[in-house]
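Novice: Next comes the structure file query-v8.tsv, holding TSV, C-alpha atoms and all ligand atoms.
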chain	number	residue	atom	x	y	z
X	1	LEU	CA	6.61	17.98	11.35
X	2	LYS	CA	7.91	19.65	14.49
X	3	GLY	CA	7.19	18.80	18.12
X	4	ASP	CA	3.59	17.87	18.70
X	5	SER	CA	2.28	19.57	15.56
X	6	CYS	CA	-0.18	17.71	13.41
X	7	ILE	CA	-0.37	18.46	9.71
X	8	ARG	CA	-3.62	18.18	7.81
X	9	ILE	CA	-3.54	17.40	4.08
X	10	GLU	CA	-6.66	18.87	2.54
X	11	SER	CA	-6.27	18.10	-1.14
X	12	LEU	CA	-8.80	15.25	-1.22
X	13	ALA	CA	-12.50	15.16	-0.34
X	14	TYR	CA	-11.46	13.84	3.10
X	15	PRO	CA	-8.66	15.06	5.39
X	16	VAL	CA	-5.45	13.19	6.12
X	17	PHE	CA	-3.98	14.04	9.54
X	18	ILE	CA	-0.33	13.26	10.28
X	19	GLY	CA	1.32	13.85	13.61
X	20	PRO	CA	2.25	12.48	16.99
X	21	ASP	CA	-1.13	13.27	18.50
X	22	PRO	CA	-3.98	13.34	16.00
X	23	TRP	CA	-6.31	11.84	18.60
X	24	LYS	CA	-8.20	14.98	19.55
X	25	GLU	CA	-9.17	15.42	15.90
X	26	LEU	CA	-10.18	11.76	15.68
X	27	GLY	CA	-12.28	12.21	18.83
X	28	HIS	CA	-14.33	14.91	17.08
X	29	TYR	CA	-15.16	12.46	14.29
X	30	LEU	CA	-16.05	9.65	16.65
X	31	ASP	CA	-18.36	11.54	19.00
X	32	SER	CA	-21.32	11.62	16.67
X	33	TYR	CA	-20.95	7.94	15.66
X	34	LEU	CA	-20.87	6.82	19.28
X	35	LEU	CA	-24.33	8.36	19.54
X	36	LYS	CA	-25.56	7.20	16.10
X	37	GLY	CA	-25.05	3.70	14.75
X	38	GLY	CA	-21.99	2.94	16.85
X	39	ILE	CA	-18.33	2.33	16.08
X	40	PHE	CA	-16.85	-1.00	14.99
X	41	LEU	CA	-13.15	-1.68	15.24
X	42	LEU	CA	-11.24	-3.89	12.81
X	43	ALA	CA	-7.65	-4.88	13.64
X	44	ASP	CA	-5.34	-7.86	13.26
X	45	HIS	CA	-3.79	-9.81	16.13
X	46	ASN	CA	-0.62	-7.72	16.06
X	47	THR	CA	-2.26	-4.32	15.91
X	48	ASN	CA	-4.71	-5.48	18.57
X	49	LYS	CA	-1.75	-6.18	20.84
X	50	HIS	CA	0.47	-3.20	20.02
X	51	CYS	CA	-1.77	-0.40	18.76
X	52	LEU	CA	-5.25	-0.81	20.20
X	53	PRO	CA	-4.11	-0.16	23.81
X	54	VAL	CA	-2.53	3.12	22.64
X	55	LEU	CA	-5.75	4.14	20.94
X	56	LEU	CA	-7.90	3.18	23.92
X	57	ALA	CA	-5.66	5.13	26.29
X	58	LYS	CA	-6.23	8.22	24.15
X	59	LEU	CA	-9.92	7.60	23.44
X	60	PRO	CA	-11.34	5.52	26.32
X	61	GLY	CA	-14.87	5.85	24.90
X	62	LEU	CA	-13.86	3.28	22.26
X	63	ALA	CA	-13.46	0.57	24.92
X	64	ARG	CA	-17.07	-0.49	24.61
X	65	CYS	CA	-17.02	-0.85	20.80
X	66	PRO	CA	-17.08	-4.32	19.25
X	67	VAL	CA	-13.67	-5.43	17.94
X	68	PHE	CA	-13.04	-7.95	15.16
X	69	LEU	CA	-9.59	-9.43	14.64
X	70	VAL	CA	-8.19	-11.01	11.50
X	71	ARG	CA	-5.03	-13.04	11.30
X	72	PRO	CA	-2.06	-10.82	10.41
X	73	GLY	CA	-0.89	-10.68	6.85
X	74	GLU	CA	-1.90	-11.04	3.26
X	75	ARG	CA	-3.69	-14.36	3.74
X	76	SER	CA	-6.54	-12.46	5.44
X	77	LYS	CA	-7.24	-10.26	2.42
X	78	ASN	CA	-9.85	-12.61	1.01
X	79	LEU	CA	-13.55	-13.37	0.68
X	80	ARG	CA	-13.63	-15.56	3.79
X	81	SER	CA	-12.46	-12.74	6.03
X	82	LEU	CA	-14.88	-10.39	4.32
X	83	GLU	CA	-17.81	-12.68	5.03
X	84	ARG	CA	-16.77	-13.03	8.68
X	85	ILE	CA	-16.59	-9.27	9.04
X	86	TRP	CA	-20.08	-8.90	7.53
X	87	GLN	CA	-21.40	-11.60	9.91
X	88	TRP	CA	-19.80	-9.89	12.91
X	89	MET	CA	-21.37	-6.58	11.91
X	90	ILE	CA	-24.80	-8.17	11.51
X	91	GLU	CA	-24.51	-9.95	14.88
X	92	ASN	CA	-23.58	-6.63	16.53
X	93	ASP	CA	-26.39	-4.70	14.83
X	94	ALA	CA	-24.19	-2.47	12.70
X	95	ALA	CA	-26.46	-0.02	10.90
X	96	ARG	CA	-26.10	2.23	7.90
X	97	ASP	CA	-24.99	5.04	10.21
X	98	SER	CA	-22.32	2.96	11.94
X	99	LEU	CA	-18.62	3.65	11.46
X	100	LEU	CA	-15.83	1.13	10.86
X	101	LEU	CA	-12.37	1.99	12.24
X	102	ASN	CA	-9.56	0.17	10.45
X	103	LEU	CA	-6.56	-0.11	12.77
X	104	GLY	CA	-3.72	-1.84	10.97
X	105	GLY	CA	-1.53	-2.04	7.90
X	106	GLY	CA	-2.50	-2.18	4.24
X	107	VAL	CA	-4.22	-5.52	4.66
X	108	VAL	CA	-6.62	-4.18	7.30
X	109	SER	CA	-7.36	-0.98	5.34
X	110	ASP	CA	-7.85	-2.80	2.01
X	111	LEU	CA	-10.10	-5.42	3.62
X	112	GLY	CA	-11.89	-3.07	6.01
X	113	GLY	CA	-12.46	-0.52	3.27
X	114	PHE	CA	-14.03	-3.24	1.12
X	115	ALA	CA	-16.22	-4.38	4.02
X	116	ALA	CA	-17.36	-0.81	4.73
X	117	ALA	CA	-18.07	-0.19	1.04
X	118	THR	CA	-20.27	-3.25	0.74
X	119	TYR	CA	-21.98	-3.64	4.14
X	120	ARG	CA	-25.58	-2.51	3.62
X	121	ARG	CA	-24.47	-0.77	0.40
X	122	GLY	CA	-21.86	1.30	2.19
X	123	ILE	CA	-21.10	2.67	5.64
X	124	LYS	CA	-18.49	5.24	6.66
X	125	TYR	CA	-14.98	4.19	7.64
X	126	ILE	CA	-11.79	5.75	8.97
X	127	ASN	CA	-8.27	4.44	8.42
X	128	ILE	CA	-5.72	4.49	11.24
X	129	PRO	CA	-2.68	3.00	9.50
X	130	THR	CA	-0.08	1.39	11.72
X	131	SER	CA	2.52	0.06	9.23
X	132	LEU	CA	4.89	2.11	7.09
X	133	THR	CA	3.19	0.91	3.89
X	134	GLY	CA	-0.16	1.87	5.38
X	135	GLN	CA	0.97	5.30	6.55
X	136	ALA	CA	2.90	6.29	3.44
X	137	ASP	CA	0.45	4.89	0.91
X	138	ALA	CA	-2.25	2.25	1.41
X	139	SER	CA	-4.54	4.15	3.80
X	140	ILE	CA	-4.95	6.99	1.29
X	141	GLY	CA	-6.75	7.04	-2.03
X	142	GLY	CA	-9.87	4.97	-1.43
X	143	LYS	CA	-8.71	1.83	-3.24
X	144	THR	CA	-10.02	-1.24	-1.44
X	145	ALA	CA	-9.18	-4.78	-2.45
X	146	LEU	CA	-9.30	-8.53	-1.90
X	147	ASN	CA	-7.14	-11.27	-3.37
X	148	ILE	CA	-9.05	-13.95	-5.24
X	149	SER	CA	-7.62	-17.46	-5.73
X	150	GLY	CA	-4.27	-16.16	-4.51
X	151	ILE	CA	-4.08	-13.42	-7.14
X	152	LYS	CA	-3.57	-9.91	-5.85
X	153	ASN	CA	-6.37	-7.37	-5.74
X	154	GLN	CA	-8.68	-9.12	-8.22
X	155	ALA	CA	-11.78	-7.73	-6.47
X	156	GLY	CA	-12.03	-4.18	-5.25
X	157	LEU	CA	-13.70	-0.85	-5.50
X	158	PHE	CA	-12.97	2.80	-5.04
X	159	TYR	CA	-14.54	3.92	-1.79
X	160	ASP	CA	-13.18	6.89	0.13
X	161	PRO	CA	-12.65	6.90	3.89
X	162	LEU	CA	-14.18	9.64	6.02
X	163	ALA	CA	-10.68	10.60	7.17
X	164	VAL	CA	-7.21	9.14	7.71
X	165	PHE	CA	-5.21	9.51	10.93
X	166	ILE	CA	-1.49	8.79	10.71
X	167	CYS	CA	0.51	8.54	13.91
X	168	PRO	CA	4.13	7.58	13.12
X	169	ALA	CA	4.72	6.46	16.74
X	170	PHE	CA	2.87	3.23	15.89
X	171	LEU	CA	5.90	2.25	13.82
X	172	ASP	CA	7.91	1.69	17.02
X	173	THR	CA	6.51	-1.84	17.31
X	174	LEU	CA	6.50	-2.68	13.58
X	175	PRO	CA	8.87	-5.62	12.87
X	176	LYS	CA	11.97	-4.57	10.93
X	177	ALA	CA	11.17	-6.58	7.79
X	178	HIS	CA	7.79	-4.84	7.49
X	179	PHE	CA	9.38	-1.48	8.18
X	180	ILE	CA	11.85	-1.98	5.34
X	181	SER	CA	9.05	-3.26	3.12
X	182	GLY	CA	7.30	0.09	3.62
X	183	PHE	CA	10.17	1.89	1.93
X	184	ALA	CA	9.15	0.53	-1.46
X	185	GLU	CA	6.13	2.80	-1.80
X	186	ILE	CA	8.10	5.78	-0.43
X	187	ILE	CA	10.90	5.21	-2.95
X	188	LYS	CA	8.26	4.88	-5.68
X	189	CYS	CA	6.67	8.21	-4.76
X	190	ALA	CA	10.11	9.86	-4.62
X	191	ILE	CA	11.01	8.56	-8.09
X	192	LEU	CA	7.68	9.67	-9.55
X	193	SER	CA	7.82	13.04	-7.82
X	194	GLY	CA	11.43	13.83	-8.80
X	195	ASN	CA	13.02	17.08	-7.56
X	196	GLY	CA	13.66	17.51	-3.82
X	197	PHE	CA	11.89	14.35	-2.71
X	198	TRP	CA	13.97	12.19	-5.04
X	199	LEU	CA	17.16	13.97	-3.96
X	200	LYS	CA	16.31	13.39	-0.29
X	201	MET	CA	15.56	9.73	-0.96
X	202	LYS	CA	18.77	9.15	-2.93
X	203	ASN	CA	20.76	10.50	0.00
X	204	HIS	CA	18.91	8.35	2.47
X	205	ASP	CA	21.40	5.90	3.87
X	206	GLY	CA	19.46	3.20	5.65
X	207	SER	CA	16.18	1.98	6.90
X	208	THR	CA	15.84	3.37	10.41
X	209	ASP	CA	15.66	7.09	10.18
X	210	GLU	CA	14.32	9.74	12.44
X	211	LYS	CA	13.32	11.60	9.29
X	212	ILE	CA	10.76	8.89	8.56
X	213	HIS	CA	7.97	11.26	9.61
X	214	GLU	CA	8.95	13.66	6.85
X	215	LEU	CA	9.14	10.87	4.27
X	216	ILE	CA	5.67	9.64	5.26
X	217	ALA	CA	4.29	13.16	4.96
X	218	GLU	CA	5.95	13.69	1.55
X	219	SER	CA	4.66	10.38	0.19
X	220	ALA	CA	1.17	10.98	1.55
X	221	ALA	CA	1.04	14.51	0.12
X	222	PHE	CA	2.33	13.29	-3.25
X	223	LYS	CA	-0.23	10.50	-3.38
X	224	CYS	CA	-3.05	12.86	-2.39
X	225	GLY	CA	-2.11	15.20	-5.25
X	226	ILE	CA	-2.14	12.41	-7.83
X	227	VAL	CA	-5.37	10.86	-6.53
X	228	LYS	CA	-7.04	14.26	-6.55
X	229	SER	CA	-6.21	14.70	-10.23
X	230	ASP	CA	-7.66	11.30	-11.17
X	231	PRO	CA	-9.58	9.58	-8.34
X	232	PHE	CA	-10.73	6.60	-10.42
X	233	GLU	CA	-7.43	5.83	-12.15
X	234	LEU	CA	-8.61	6.63	-15.64
X	235	ALA	CA	-5.30	8.28	-16.55
X	236	ALA	CA	-2.78	10.12	-14.34
X	237	ARG	CA	-3.26	7.89	-11.26
X	238	LYS	CA	-1.96	4.95	-13.27
X	239	ILE	CA	1.56	6.28	-12.66
X	240	LEU	CA	1.29	5.00	-9.07
X	241	ASN	CA	1.43	1.49	-10.51
X	242	PHE	CA	5.14	1.93	-11.30
X	243	GLY	CA	6.86	-1.25	-10.09
X	244	HIS	CA	3.54	-2.96	-9.41
X	245	THR	CA	2.91	-4.83	-12.66
X	246	VAL	CA	5.94	-7.03	-12.14
X	247	GLY	CA	5.73	-6.56	-8.34
X	248	HIS	CA	2.19	-7.92	-7.99
X	249	ALA	CA	3.05	-10.86	-10.24
X	250	LEU	CA	6.05	-11.74	-8.05
X	251	GLU	CA	4.02	-11.30	-4.88
X	252	SER	CA	1.11	-13.44	-6.15
X	253	LEU	CA	3.53	-16.16	-7.24
X	254	SER	CA	5.11	-16.17	-3.80
X	255	PHE	CA	1.72	-17.14	-2.26
X	256	MET	CA	1.91	-20.51	-4.03
X	257	PRO	CA	2.72	-23.58	-1.94
X	258	GLY	CA	6.43	-24.26	-1.59
X	259	ARG	CA	7.46	-20.73	-2.63
X	260	ALA	CA	9.41	-18.29	-0.49
X	261	ARG	CA	6.93	-15.62	0.60
X	262	MET	CA	7.64	-12.06	-0.53
X	263	LEU	CA	6.30	-9.08	1.37
X	264	HIS	CA	4.42	-6.52	-0.70
X	265	GLY	CA	7.24	-4.00	-0.51
X	266	GLU	CA	9.93	-6.57	-1.36
X	267	ALA	CA	7.99	-7.54	-4.49
X	268	VAL	CA	7.40	-3.91	-5.48
X	269	ALA	CA	11.09	-3.12	-4.93
X	270	ALA	CA	12.09	-5.93	-7.31
X	271	GLY	CA	9.31	-4.81	-9.66
X	272	MET	CA	10.66	-1.25	-9.69
X	273	ILE	CA	14.11	-2.42	-10.76
X	274	CYS	CA	12.59	-4.46	-13.60
X	275	GLU	CA	10.32	-1.63	-14.63
X	276	ALA	CA	13.13	0.94	-14.40
X	277	TYR	CA	15.00	-1.31	-16.82
X	278	LEU	CA	11.92	-1.39	-19.10
X	279	SER	CA	11.84	2.40	-18.80
X	280	TYR	CA	15.46	2.50	-19.97
X	281	GLU	CA	14.72	0.25	-22.96
X	282	THR	CA	11.41	1.74	-24.01
X	283	ALA	CA	10.78	5.13	-22.41
X	284	GLY	CA	14.10	6.96	-22.64
X	285	LEU	CA	15.21	6.62	-19.00
X	286	HIS	CA	18.88	7.58	-18.88
X	287	GLN	CA	21.39	4.90	-17.84
X	288	SER	CA	22.62	7.10	-14.97
X	289	GLU	CA	19.11	7.33	-13.48
X	290	LEU	CA	18.58	3.60	-13.93
X	291	ASP	CA	21.79	3.14	-11.93
X	292	GLU	CA	20.64	5.54	-9.20
X	293	ILE	CA	17.36	3.66	-8.84
X	294	ARG	CA	18.93	0.20	-8.65
X	295	ILE	CA	21.59	1.42	-6.20
X	296	LEU	CA	19.01	2.97	-3.86
X	297	ILE	CA	16.76	-0.11	-3.97
X	298	GLY	CA	19.76	-2.44	-3.66
X	299	LYS	CA	20.98	-0.76	-0.47
X	300	THR	CA	17.51	-0.76	1.11
X	301	PHE	CA	16.36	-4.30	0.21
X	302	SER	CA	18.12	-7.64	0.02
X	303	LEU	CA	17.15	-8.74	-3.46
X	304	ARG	CA	16.26	-12.32	-4.24
X	305	PRO	CA	16.74	-13.72	-7.75
X	306	VAL	CA	13.83	-14.33	-10.10
X	307	GLU	CA	14.31	-17.95	-11.15
X	308	SER	CA	14.38	-18.39	-14.92
X	309	HIS	CA	12.02	-21.39	-14.68
X	310	SER	CA	9.41	-18.98	-13.21
X	311	TYR	CA	9.48	-16.51	-16.10
X	312	GLN	CA	6.44	-18.04	-17.81
X	313	GLU	CA	4.44	-18.11	-14.56
X	314	ILE	CA	5.28	-14.46	-13.95
X	315	MET	CA	4.17	-13.58	-17.48
X	316	ASN	CA	0.87	-15.41	-16.82
X	317	MET	CA	0.40	-13.44	-13.60
X	318	ILE	CA	1.17	-10.18	-15.39
X	319	SER	CA	-1.57	-10.91	-17.87
X	320	HIS	CA	-4.01	-11.20	-14.93
X	321	ASP	CA	-2.86	-7.85	-13.63
X	322	LYS	CA	-3.09	-5.80	-16.77
X	323	LYS	CA	-5.16	-5.58	-19.88
X	324	LYS	CA	-3.44	-7.02	-22.87
X	325	PHE	CA	-2.97	-4.86	-25.94
X	326	GLY	CA	-2.51	-7.27	-28.84
X	327	GLY	CA	0.05	-9.40	-27.03
X	328	SER	CA	1.70	-6.48	-25.26
X	329	VAL	CA	1.08	-5.18	-21.75
X	330	GLY	CA	0.41	-1.56	-20.67
X	331	PHE	CA	3.03	-0.53	-18.10
X	332	SER	CA	3.44	2.56	-15.94
X	333	LEU	CA	7.05	3.61	-16.49
X	334	ILE	CA	9.29	6.68	-16.21
X	335	SER	CA	11.26	8.61	-18.80
X	336	GLY	CA	13.20	10.16	-15.90
X	337	ALA	CA	12.81	10.86	-12.20
X	338	GLY	CA	9.72	13.06	-11.94
X	339	LYS	CA	8.67	12.12	-15.49
X	340	PRO	CA	6.16	9.29	-15.31
X	341	VAL	CA	4.46	7.83	-18.37
X	342	PHE	CA	1.66	5.28	-18.50
X	343	ASP	CA	0.04	2.78	-20.86
X	344	LYS	CA	3.48	2.05	-22.33
X	345	LEU	CA	3.44	-1.04	-24.50
X	346	VAL	CA	6.12	-3.54	-23.66
X	347	THR	CA	6.82	-6.87	-25.31
X	348	ARG	CA	7.35	-10.23	-23.70
X	349	ASP	CA	11.01	-10.25	-24.75
X	350	GLN	CA	11.60	-6.88	-23.13
X	351	ILE	CA	10.02	-8.10	-19.88
X	352	ILE	CA	12.24	-11.20	-19.91
X	353	ARG	CA	15.29	-8.97	-20.49
X	354	SER	CA	14.23	-6.91	-17.46
X	355	PHE	CA	14.30	-10.10	-15.30
X	356	GLU	CA	17.75	-10.90	-16.65
X	357	TYR	CA	18.95	-7.39	-15.87
X	358	TYR	CA	17.52	-7.68	-12.34
X	359	ASN	CA	19.19	-11.08	-11.79
X	360	SER	CA	22.51	-9.72	-13.04
X	361	LEU	CA	22.52	-7.29	-10.09
X	362	ILE	CA	22.37	-10.06	-7.50
X	363	LYS	CA	25.68	-11.42	-6.34
X	364	PRO	CA	25.80	-15.24	-6.28
X	401	LIG	N1	-5.04	0.35	-1.29
X	401	LIG	C1	-3.87	0.83	-1.64
X	401	LIG	O1	-3.77	1.90	-2.22
X	401	LIG	C2	-2.63	0.04	-1.32
X	401	LIG	C3	-1.37	0.62	-1.54
X	401	LIG	C4	-0.24	-0.10	-1.18
X	401	LIG	C5	-0.36	-1.36	-0.64
X	401	LIG	N2	-1.61	-1.90	-0.46
X	401	LIG	C6	-1.76	-3.23	0.13
X	401	LIG	O2	-1.26	-3.19	1.46
X	401	LIG	C7	-0.80	-4.49	1.83
X	401	LIG	C8	0.56	-4.38	2.43
X	401	LIG	O3	0.50	-3.52	3.53
X	401	LIG	P1	1.31	-3.82	4.88
X	401	LIG	O4	2.72	-4.03	4.56
X	401	LIG	O5	0.93	-2.76	5.85
X	401	LIG	O6	0.73	-5.26	5.30
X	401	LIG	P2	0.03	-5.77	6.64
X	401	LIG	O7	-1.23	-5.07	6.90
X	401	LIG	O8	0.01	-7.25	6.51
X	401	LIG	O9	1.05	-5.36	7.81
X	401	LIG	C9	2.32	-5.93	7.84
X	401	LIG	C10	2.56	-6.68	9.16
X	401	LIG	O10	2.83	-5.73	10.17
X	401	LIG	C11	1.98	-5.96	11.30
X	401	LIG	N3	1.77	-4.64	11.90
X	401	LIG	C12	1.16	-3.58	11.34
X	401	LIG	N4	1.29	-2.51	12.13
X	401	LIG	C13	1.99	-2.91	13.23
X	401	LIG	C14	2.47	-2.25	14.39
X	401	LIG	N5	2.30	-0.94	14.56
X	401	LIG	N6	3.13	-2.97	15.30
X	401	LIG	C15	3.35	-4.30	15.12
X	401	LIG	N7	2.96	-4.97	14.02
X	401	LIG	C16	2.28	-4.28	13.09
X	401	LIG	C17	0.76	-6.61	10.74
X	401	LIG	O11	0.08	-7.35	11.72
X	401	LIG	C18	1.39	-7.50	9.67
X	401	LIG	O12	1.88	-8.67	10.26
X	401	LIG	C19	-0.84	-5.34	0.57
X	401	LIG	O13	-1.98	-6.16	0.60
X	401	LIG	C20	-0.96	-4.31	-0.53
X	401	LIG	O14	-1.59	-4.85	-1.67
X	401	LIG	C21	-2.73	-1.22	-0.77
Here is the file; what I need is its structure written in the form of structure tokens.

Specialist:
Amino acid sequence: LKGDSCIRIESLAYPVFIGPDPWKELGHYLDSYLLKGGIFLLADHNTNKHCLPVLLAKLPGLARCPVFLVRPGERSKNLRSLERIWQWMIENDAARDSLLLNLGGGVVSDLGGFAAATYRRGIKYINIPTSLTGQADASIGGKTALNISGIKNQAGLFYDPLAVFICPAFLDTLPKAHFISGFAEIIKCAILSGNGFWLKMKNHDGSTDEKIHELIAESAAFKCGIVKSDPFELAARKILNFGHTVGHALESLSFMPGRARMLHGEAVAAGMICEAYLSYETAGLHQSELDEIRILIGKTFSLRPVESHSYQEIMNMISHDKKKFGGSVGFSLISGAGKPVFDKLVTRDQIIRSFEYYNSLIKP
């Protein structure tokens, strides 16, 4: 990405634009919907404050569109928010030819995508991701989701956006903790991709990096390639769940009263260390690559221990997340950087050993 250039990833059925000024392209998409069923804007309180003014300055025609705000964060990714969004759309006469614009992080795109998929049996939507997780991963691939009873992504469907517009300048206002959290999905893509992307990531020495634009573009392009090969996650796309079986369990557990909240990326980062260990035990990952992975994650994230009294709860959560195969769980692992495997059977004892390995890395 150089200067003002905007790249356009074309591998999916819809384009993904990345660049400092993708707004002219977005304008082309919006023109017809302003005339048809109208445009509806979904944001959260933070993206309303920091990102919507930027968008309106570029596309003033959007100023008259109805805007719905959800509270920031994971607690909005639920049925209650969904119902409120439906009600707001009904009250504002949203029609089948209306368009929903999702301006926010992964929570807004997961929730907004779900709302668009289900309002009047489906209307079009566009994602404008504003967080690092959103830009590098969540806005792409058409997976929409809600948490049910505090368990991650228990309801959801595959429903593609019309297009995705990624403007890295939005990251300027993203709080540091959320910025770092976004590195989890980038590190995951680099591990799964191997080769140059993995090499670049291993040599990455911190969290604030002017090369972030390139990392976003590499992650997005990698994800597009995998999603193209298997849009409905019947096989190859499962590799993108690396780190997420344990990660989602840790994240879901952290929603419980009295627990320290984990951001999505923090949970996936811990999950990747555990699952890299499982890869070492069961899938032939070499010790040296296990070390490289834990070193990279350890220097990017401050790791928190997994308490041994939570092991059983985590195992229960994992069984919500994945189908059980006769007492074992199907994991997406790696036999090396760039060598993903999926549906690997792993036993309870091996999972517990992965928690112990993870805890052994954390200095008291
Ligand atoms: N559908 C998918 O393929 C997919 C992939 C990865 C993650 N996810 C989901 O994405 C979610 C995590 O995404 P996230 O980290 O973006 O969460 P998020 O949407 O909660 O955003 C993180 C925080 O940053 C704030 N924020 C976002 N952009 C900002 C900006 N430009 N300036 C200031 N504040 C800003 C938000 O208000 C929020 O407080 C999880 O629910 C996860 O399950 C989905």

Novice: Give the residues close to ligand LIG 401 (chain X), within 6 Å, counting all atoms listed in the file; write them as an mmCIF file with C-alpha atoms, keeping the file's coordinate frame.

Specialist:
data_model
loop_
_atom_site.group_PDB
_atom_site.id
_atom_site.type_symbol
_atom_site.label_atom_id
_atom_site.label_comp_id
_atom_site.auth_asym_id
_atom_site.auth_seq_id
_atom_site.Cartn_x
_atom_site.Cartn_y
_atom_site.Cartn_z
ATOM 1 C CA ASP X 44 -5.340 -7.860 13.260
ATOM 2 C CA ASN X 46 -0.620 -7.720 16.060
ATOM 3 C CA THR X 47 -2.260 -4.320 15.910
ATOM 4 C CA HIS X 50 0.470 -3.200 20.020
ATOM 5 C CA CYS X 51 -1.770 -0.400 18.760
ATOM 6 C CA PRO X 72 -2.060 -10.820 10.410
ATOM 7 C CA GLY X 73 -0.890 -10.680 6.850
ATOM 8 C CA GLU X 74 -1.900 -11.040 3.260
ATOM 9 C CA GLY X 104 -3.720 -1.840 10.970
ATOM 10 C CA GLY X 105 -1.530 -2.040 7.900
ATOM 11 C CA GLY X 106 -2.500 -2.180 4.240
ATOM 12 C CA VAL X 107 -4.220 -5.520 4.660
ATOM 13 C CA VAL X 108 -6.620 -4.180 7.300
ATOM 14 C CA ASP X 110 -7.850 -2.800 2.010
ATOM 15 C CA THR X 130 -0.080 1.390 11.720
ATOM 16 C CA SER X 131 2.520 0.060 9.230
ATOM 17 C CA THR X 133 3.190 0.910 3.890
ATOM 18 C CA GLY X 134 -0.160 1.870 5.380
ATOM 19 C CA ASP X 137 0.450 4.890 0.910
ATOM 20 C CA ALA X 138 -2.250 2.250 1.410
ATOM 21 C CA GLY X 141 -6.750 7.040 -2.030
ATOM 22 C CA LYS X 143 -8.710 1.830 -3.240
ATOM 23 C CA THR X 144 -10.020 -1.240 -1.440
ATOM 24 C CA PHE X 170 2.870 3.230 15.890
ATOM 25 C CA LEU X 171 5.900 2.250 13.820
ATOM 26 C CA THR X 173 6.510 -1.840 17.310
ATOM 27 C CA LEU X 174 6.500 -2.680 13.580
ATOM 28 C CA HIS X 178 7.790 -4.840 7.490
ATOM 29 C CA HIS X 264 4.420 -6.520 -0.700
#

Novice: Please measure the separation of CA of Phe165 (chain X) and CA of Gly194 (chain X), giving the value in Å to one decimal.

Specialist: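 So the answer is 26.2 Å.
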
Novice: Would you kindly return, as a PDB file with C-alpha atoms, keeping the file's coordinate frame, each protein, DNA or RNA residue with an atom no farther than 6 Å from any atom of Gly142 (chain X), considering all atoms listed in the file and excluding same-chain residues fewer than 2 positions away?

Specialist:
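Contents of around.pdb, freshly written:
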ATOM      1  CA  ILE X 140      -4.950   6.990   1.290  1.00  0.00           C
ATOM      2  CA  PHE X 158     -12.970   2.800  -5.040  1.00  0.00           C
ATOM      3  CA  TYR X 159     -14.540   3.920  -1.790  1.00  0.00           C
ATOM      4  CA  ASP X 160     -13.180   6.890   0.130  1.00  0.00           C
TER       5      ASP X 160
END

Novice: Pick out the residues sitting within 6 Å of region 22-37 of chain X, and hand them over as a CSV table (one decimal) with C-alpha atoms, keeping the file's coordinate frame; count only C-alpha atoms, and ignore anything fewer than 5 positions along from it in its own chain.

Specialist:
chain,number,residue,atom,x,y,z
X,95,ALA,CA,-26.5,0.0,10.9
X,97,ASP,CA,-25.0,5.0,10.2
X,98,SER,CA,-22.3,3.0,11.9

Novice: Please list as a PyMOL selection string every residue within 9 Å of region 266-280 of chain X, counting only C-alpha atoms and excluding residues in the same chain fewer than 6 positions away.

Specialist: chain X and resi 180-185+187-188+242-251+286-287+289-290+293-294+297-298+301-304+331-336+346+350-351+353-358

Novice: Print the selection's residues with C-alpha atoms to a file, as a short mmCIF file (atom, residue, chain, number, x, y, z; two decimals), keeping the file's coordinate frame.

Specialist:
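Produced file result-v8.cif, reproduced below:
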data_model
loop_
_atom_site.label_atom_id
_atom_site.label_comp_id
_atom_site.auth_asym_id
_atom_site.auth_seq_id
_atom_site.Cartn_x
_atom_site.Cartn_y
_atom_site.Cartn_z
CA ILE X 180 11.85 -1.98 5.34
CA SER X 181 9.05 -3.26 3.12
CA GLY X 182 7.30 0.09 3.62
CA PHE X 183 10.17 1.89 1.93
CA ALA X 184 9.15 0.53 -1.46
CA GLU X 185 6.13 2.80 -1.80
CA ILE X 187 10.90 5.21 -2.95
CA LYS X 188 8.26 4.88 -5.68
CA PHE X 242 5.14 1.93 -11.30
CA GLY X 243 6.86 -1.25 -10.09
CA HIS X 244 3.54 -2.96 -9.41
CA THR X 245 2.91 -4.83 -12.66
CA VAL X 246 5.94 -7.03 -12.14
CA GLY X 247 5.73 -6.56 -8.34
CA HIS X 248 2.19 -7.92 -7.99
CA ALA X 249 3.05 -10.86 -10.24
CA LEU X 250 6.05 -11.74 -8.05
CA GLU X 251 4.02 -11.30 -4.88
CA HIS X 286 18.88 7.58 -18.88
CA GLN X 287 21.39 4.90 -17.84
CA GLU X 289 19.11 7.33 -13.48
CA LEU X 290 18.58 3.60 -13.93
CA ILE X 293 17.36 3.66 -8.84
CA ARG X 294 18.93 0.20 -8.65
CA ILE X 297 16.76 -0.11 -3.97
CA GLY X 298 19.76 -2.44 -3.66
CA PHE X 301 16.36 -4.30 0.21
CA SER X 302 18.12 -7.64 0.02
CA LEU X 303 17.15 -8.74 -3.46
CA ARG X 304 16.26 -12.32 -4.24
CA PHE X 331 3.03 -0.53 -18.10
CA SER X 332 3.44 2.56 -15.94
CA LEU X 333 7.05 3.61 -16.49
CA ILE X 334 9.29 6.68 -16.21
CA SER X 335 11.26 8.61 -18.80
CA GLY X 336 13.20 10.16 -15.90
CA VAL X 346 6.12 -3.54 -23.66
CA GLN X 350 11.60 -6.88 -23.13
CA ILE X 351 10.02 -8.10 -19.88
CA ARG X 353 15.29 -8.97 -20.49
CA SER X 354 14.23 -6.91 -17.46
CA PHE X 355 14.30 -10.10 -15.30
CA GLU X 356 17.75 -10.90 -16.65
CA TYR X 357 18.95 -7.39 -15.87
CA TYR X 358 17.52 -7.68 -12.34
#
